[in-house]
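Engineer: So here's final-v7.pdb, just PDB, C-alpha atoms:
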```pdb
ATOM      1  CA  MET E   1      59.151 112.671  42.165
ATOM      2  CA  LYS E   2      59.453 113.347  45.874
ATOM      3  CA  ASN E   3      58.255 116.356  47.817
ATOM      4  CA  GLN E   4      59.089 119.797  46.558
ATOM      5  CA  LEU E   5      62.503 121.028  47.678
ATOM      6  CA  HIS E   6      62.818 123.977  50.020
ATOM      7  CA  PRO E   7      65.635 125.488  52.077
ATOM      8  CA  ILE E   8      66.542 123.686  55.286
ATOM      9  CA  ARG E   9      66.123 126.332  57.966
ATOM     10  CA  THR E  10      65.338 124.428  61.147
ATOM     11  CA  GLU E  11      66.425 121.273  62.898
ATOM     12  CA  ALA E  12      63.031 119.767  62.044
ATOM     13  CA  ASP E  13      63.590 120.564  58.345
ATOM     14  CA  TYR E  14      67.022 118.969  58.619
ATOM     15  CA  ARG E  15      65.714 115.763  60.203
ATOM     16  CA  ALA E  16      62.971 115.526  57.559
ATOM     17  CA  ALA E  17      65.527 115.993  54.778
ATOM     18  CA  LEU E  18      67.740 113.266  56.261
ATOM     19  CA  LYS E  19      64.755 110.917  56.428
ATOM     20  CA  THR E  20      63.950 111.612  52.774
ATOM     21  CA  ALA E  21      67.594 111.080  51.743
ATOM     22  CA  GLU E  22      67.692 107.848  53.747
ATOM     23  CA  ALA E  23      65.122 106.339  51.388
ATOM     24  CA  PHE E  24      67.528 106.866  48.505
ATOM     25  CA  PHE E  25      70.376 105.245  50.427
ATOM     26  CA  ASP E  26      68.175 102.285  51.364
ATOM     27  CA  ALA E  27      67.204 101.681  47.722
ATOM     28  CA  ASP E  28      69.029  98.913  45.874
ATOM     29  CA  GLU E  29      70.292 101.315  43.207
ATOM     30  CA  GLU E  30      71.111 104.991  43.136
ATOM     31  CA  PRO E  31      68.780 106.965  40.917
ATOM     32  CA  ASP E  32      70.021 107.788  37.448
ATOM     33  CA  PRO E  33      71.633 111.256  37.739
ATOM     34  CA  ASP E  34      69.807 112.344  34.579
ATOM     35  CA  SER E  35      66.401 111.319  35.946
ATOM     36  CA  ILE E  36      63.995 113.490  37.906
ATOM     37  CA  ASP E  37      64.672 111.425  41.039
ATOM     38  CA  GLY E  38      68.416 111.716  40.463
ATOM     39  CA  ALA E  39      68.246 115.493  40.153
ATOM     40  CA  TYR E  40      66.026 115.679  43.241
ATOM     41  CA  PHE E  41      68.445 113.520  45.262
ATOM     42  CA  GLU E  42      71.455 115.599  44.197
ATOM     43  CA  ALA E  43      69.699 118.841  45.127
ATOM     44  CA  LEU E  44      68.540 117.384  48.458
ATOM     45  CA  VAL E  45      72.063 116.276  49.367
ATOM     46  CA  THR E  46      73.380 119.736  48.452
ATOM     47  CA  LEU E  47      70.834 121.352  50.795
ATOM     48  CA  ILE E  48      71.718 118.939  53.600
ATOM     49  CA  GLU E  49      75.443 119.581  53.160
ATOM     50  CA  ALA E  50      74.892 123.357  53.235
ATOM     51  CA  TYR E  51      72.888 123.093  56.463
ATOM     52  CA  GLU E  52      75.507 120.835  58.070
ATOM     53  CA  LYS E  53      78.348 123.121  57.041
ATOM     54  CA  LYS E  54      76.615 126.068  58.687
ATOM     55  CA  HIS E  55      75.250 124.372  61.817
ATOM     56  CA  TYR E  56      77.702 121.507  62.387
ATOM     57  CA  PRO E  57      81.070 122.734  61.125
ATOM     58  CA  ILE E  58      83.995 120.383  61.515
ATOM     59  CA  ALA E  59      87.160 122.187  62.474
ATOM     60  CA  PRO E  60      90.402 120.871  61.053
ATOM     61  CA  PRO E  61      92.508 118.942  63.560
ATOM     62  CA  ASP E  62      95.306 120.647  65.357
ATOM     63  CA  PRO E  63      98.594 120.547  63.395
ATOM     64  CA  ILE E  64     100.351 118.065  65.690
ATOM     65  CA  ALA E  65      97.360 115.703  65.652
ATOM     66  CA  ALA E  66      97.282 115.914  61.845
ATOM     67  CA  ILE E  67     100.981 115.028  61.595
ATOM     68  CA  LYS E  68     100.673 112.151  64.064
ATOM     69  CA  PHE E  69      97.595 110.830  62.260
ATOM     70  CA  ARG E  70      99.430 110.854  58.935
ATOM     71  CA  MET E  71     102.425 109.167  60.550
ATOM     72  CA  GLU E  72     100.155 106.410  61.838
ATOM     73  CA  GLN E  73      98.350 106.063  58.493
ATOM     74  CA  ALA E  74     101.558 105.761  56.498
ATOM     75  CA  GLY E  75     103.599 103.913  59.099
ATOM     76  CA  LEU E  76     106.092 106.787  59.324
ATOM     77  CA  SER E  77     108.683 107.146  62.061
ATOM     78  CA  VAL E  78     110.351 110.245  63.449
ATOM     79  CA  ALA E  79     113.309 109.516  61.166
ATOM     80  CA  ASP E  80     110.953 109.538  58.152
ATOM     81  CA  LEU E  81     109.959 113.114  59.007
ATOM     82  CA  THR E  82     113.472 114.526  59.043
ATOM     83  CA  PRO E  83     113.387 115.554  55.347
ATOM     84  CA  TYR E  84     110.209 117.549  56.093
ATOM     85  CA  ILE E  85     110.942 119.059  59.502
ATOM     86  CA  GLY E  86     114.671 118.786  60.159
ATOM     87  CA  GLN E  87     116.875 116.720  62.433
ATOM     88  CA  LYS E  88     115.280 114.226  64.839
ATOM     89  CA  ASN E  89     115.500 116.588  67.807
ATOM     90  CA  ARG E  90     113.565 119.205  65.836
ATOM     91  CA  VAL E  91     110.928 116.613  64.845
ATOM     92  CA  TYR E  92     110.508 115.687  68.517
ATOM     93  CA  GLU E  93     110.227 119.376  69.466
ATOM     94  CA  VAL E  94     107.455 119.853  66.884
ATOM     95  CA  LEU E  95     105.615 116.677  67.883
ATOM     96  CA  ASN E  96     105.793 117.650  71.565
ATOM     97  CA  GLY E  97     104.520 121.172  70.871
ATOM     98  CA  LYS E  98     107.755 122.871  71.917
ATOM     99  CA  ARG E  99     108.452 124.256  68.439
ATOM    100  CA  LYS E 100     106.002 125.738  65.966
ATOM    101  CA  LEU E 101     105.894 124.693  62.342
ATOM    102  CA  THR E 102     107.592 127.060  59.917
ATOM    103  CA  LEU E 103     106.224 127.871  56.488
ATOM    104  CA  ALA E 104     108.983 125.751  54.927
ATOM    105  CA  MET E 105     108.001 122.777  57.095
ATOM    106  CA  ILE E 106     104.333 123.201  56.208
ATOM    107  CA  ARG E 107     105.099 123.294  52.488
ATOM    108  CA  LYS E 108     107.060 120.051  52.766
ATOM    109  CA  LEU E 109     104.516 118.298  55.018
ATOM    110  CA  VAL E 110     101.736 119.035  52.541
ATOM    111  CA  THR E 111     103.550 116.762  50.085
ATOM    112  CA  LEU E 112     102.952 113.902  52.549
ATOM    113  CA  GLY E 113      99.226 114.354  52.054
ATOM    114  CA  ILE E 114      98.540 116.394  55.172
ATOM    115  CA  PRO E 115      95.995 119.124  54.343
ATOM    116  CA  ALA E 116      97.462 122.619  54.610
ATOM    117  CA  ALA E 117      94.363 123.751  56.506
ATOM    118  CA  SER E 118      95.247 121.274  59.256
ATOM    119  CA  LEU E 119      98.844 122.432  59.448
ATOM    120  CA  VAL E 120      98.021 126.122  59.757
ATOM    121  CA  ALA E 121      95.099 125.714  62.188
ATOM    122  CA  ALA E 122      94.878 128.429  64.796
ATOM    123  CA  GLU E 123      95.977 127.443  68.257
TER     124      GLU E 123
END
```
Show how you would write the structure in this file as structure tokens.
Structural biologist:
Amino acid sequence: MKNQLHPIRTEADYRAALKTAEAFFDADEEPDPDSIDGAYFEALVTLIEAYEKKHYPIAPPDPIAAIKFRMEQAGLSVADLTPYIGQKNRVYEVLNGKRKLTLAMIRKLVTLGIPAASLVAAE
């Protein structure tokens, strides 16, 4: 069993926790989740994630960037977005930031695999 777990409160605690977790990642096999080491590793990762969420939050991308990223990922064209946004001119207006997304557009775009949180991000 590794060191005793404790909350990660400082940057030094965080770096030490990452160093401890690194040993698990460097091992040839992950520890058995039902073992003491497995439980320790799971708890350690949970503490690290909580610290990162609080101190290093990742904001969702802006809505236009999220749409363009999905278009690139899926090889979609402007024409492919017309069922989700409207006619081509409207798609261009949205992609150029001249028109805001409506709730109806957001609901349809979510079905393309774009996270709703990205589509409703504050400007």
Engineer: Measuring atom to atom with all atoms listed in the file, identify which of E:Pro7, E:Pro57, E:Pro33, E:Pro63 is nearest to E:Ala117.
Structural biologist: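 Of all the options, E:Pro63 lies closest to E:Ala117.
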Engineer: Output the residue selection produced by the PyMOL selection byres ((chain E and resi 81) around 10) on the file above, formatted as a ChimeraX atom specification.
Structural biologist: /E:67,71,76-80,82-88,90-92,108-109,112
Engineer: Could you state the separation of atom CA of E:Ala12 and atom CA of E:Pro31 in Å, given to one decimal place?
Structural biologist: 25.4 Å
Engineer: In Å to one decimal, how far is atom CA of E:Gly97 from atom CA of E:Leu119?
Structural biologist: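 Distance reported for this atom pair: 12.8 Å.
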Engineer: Nearest to E:Phe69: which of E:Val120, E:Leu95, E:Ala17, E:Ala23 is it, counting all atoms listed in the file?
Structural biologist: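 Using all atoms listed in the file, the shortest distance to E:Phe69 belongs to E:Leu95.
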Engineer: Please determine, counting only C-alpha atoms, which residue among E:Ile64, E:Val110, E:Glu72, E:Ile48 has the shortest atom-to-atom distance to E:His6.
Structural biologist: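 Between E:Ile64, E:Val110, E:Glu72, E:Ile48, the residue approaching E:His6 most closely is E:Ile48.
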Engineer: Point out the residue among E:Ala74, E:Ile8, E:Ala65, E:Ala21 with the least atom-to-atom distance to E:Glu52, counting only C-alpha atoms.
Structural biologist: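 Comparing E:Ala74, E:Ile8, E:Ala65, E:Ala21 against E:Glu52, the winner is E:Ile8.
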Engineer: Quick one: distance from atom CA of E:Val45 to atom CA of E:Pro61 in Å, one decimal?
Structural biologist: 25.0 Å
Engineer: Taking the file as shown, what set of residues would the PyMOL selection byres ((chain E and resi 37) around 12) give back, as a list of chain:residue names?
Structural biologist: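 That expression, the PyMOL selection byres ((chain E and resi 37) around 12), corresponds here to E:Met1, E:Lys2, E:Asn3, E:Gln4, E:Leu5, E:Thr20, E:Ala21, E:Ala23, E:Phe24, E:Glu29, E:Glu30, E:Pro31, E:Asp32, E:Pro33, E:Asp34, E:Ser35, E:Ile36, E:Gly38, E:Ala39, E:Tyr40, E:Phe41, E:Glu42, E:Ala43, E:Leu44.
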Engineer: Could you save the residues just selected, with C-alpha atoms, as a CSV table (one decimal), in the frame of the given file?
Structural biologist:
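New file again29.csv:
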```csv
chain,number,residue,atom,x,y,z
E,1,MET,CA,59.2,112.7,42.2
E,2,LYS,CA,59.5,113.3,45.9
E,3,ASN,CA,58.3,116.4,47.8
E,4,GLN,CA,59.1,119.8,46.6
E,5,LEU,CA,62.5,121.0,47.7
E,20,THR,CA,64.0,111.6,52.8
E,21,ALA,CA,67.6,111.1,51.7
E,23,ALA,CA,65.1,106.3,51.4
E,24,PHE,CA,67.5,106.9,48.5
E,29,GLU,CA,70.3,101.3,43.2
E,30,GLU,CA,71.1,105.0,43.1
E,31,PRO,CA,68.8,107.0,40.9
E,32,ASP,CA,70.0,107.8,37.4
E,33,PRO,CA,71.6,111.3,37.7
E,34,ASP,CA,69.8,112.3,34.6
E,35,SER,CA,66.4,111.3,35.9
E,36,ILE,CA,64.0,113.5,37.9
E,38,GLY,CA,68.4,111.7,40.5
E,39,ALA,CA,68.2,115.5,40.2
E,40,TYR,CA,66.0,115.7,43.2
E,41,PHE,CA,68.4,113.5,45.3
E,42,GLU,CA,71.5,115.6,44.2
E,43,ALA,CA,69.7,118.8,45.1
E,44,LEU,CA,68.5,117.4,48.5
```
Engineer: Could you tell me which of E:Asn89, E:Thr10, E:Gln73, E:Thr46 comes closest to E:Gly113 if we count all atoms listed in the file?
Structural biologist: E:Gln73
Engineer: Using the file's own x, y and z axes, what box holds all listed atoms of stretch 48-60 of chain E with 8 Å on each side, keeping edges along x, y and z, and what are its centre and edge lengths in Å to one decimal, as lines of an AutoDock Vina configuration file?
Structural biologist:
```
center_x = 81.1
center_y = 122.5
center_z = 57.8
size_x = 34.7
size_y = 23.1
size_z = 25.3
```
Engineer: Of the candidates E:Arg9, E:Arg15, E:Arg70, E:His55, which one gets nearest to E:Thr111 if we count only C-alpha atoms?
Structural biologist: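 Of all the options, E:Arg70 lies closest to E:Thr111.
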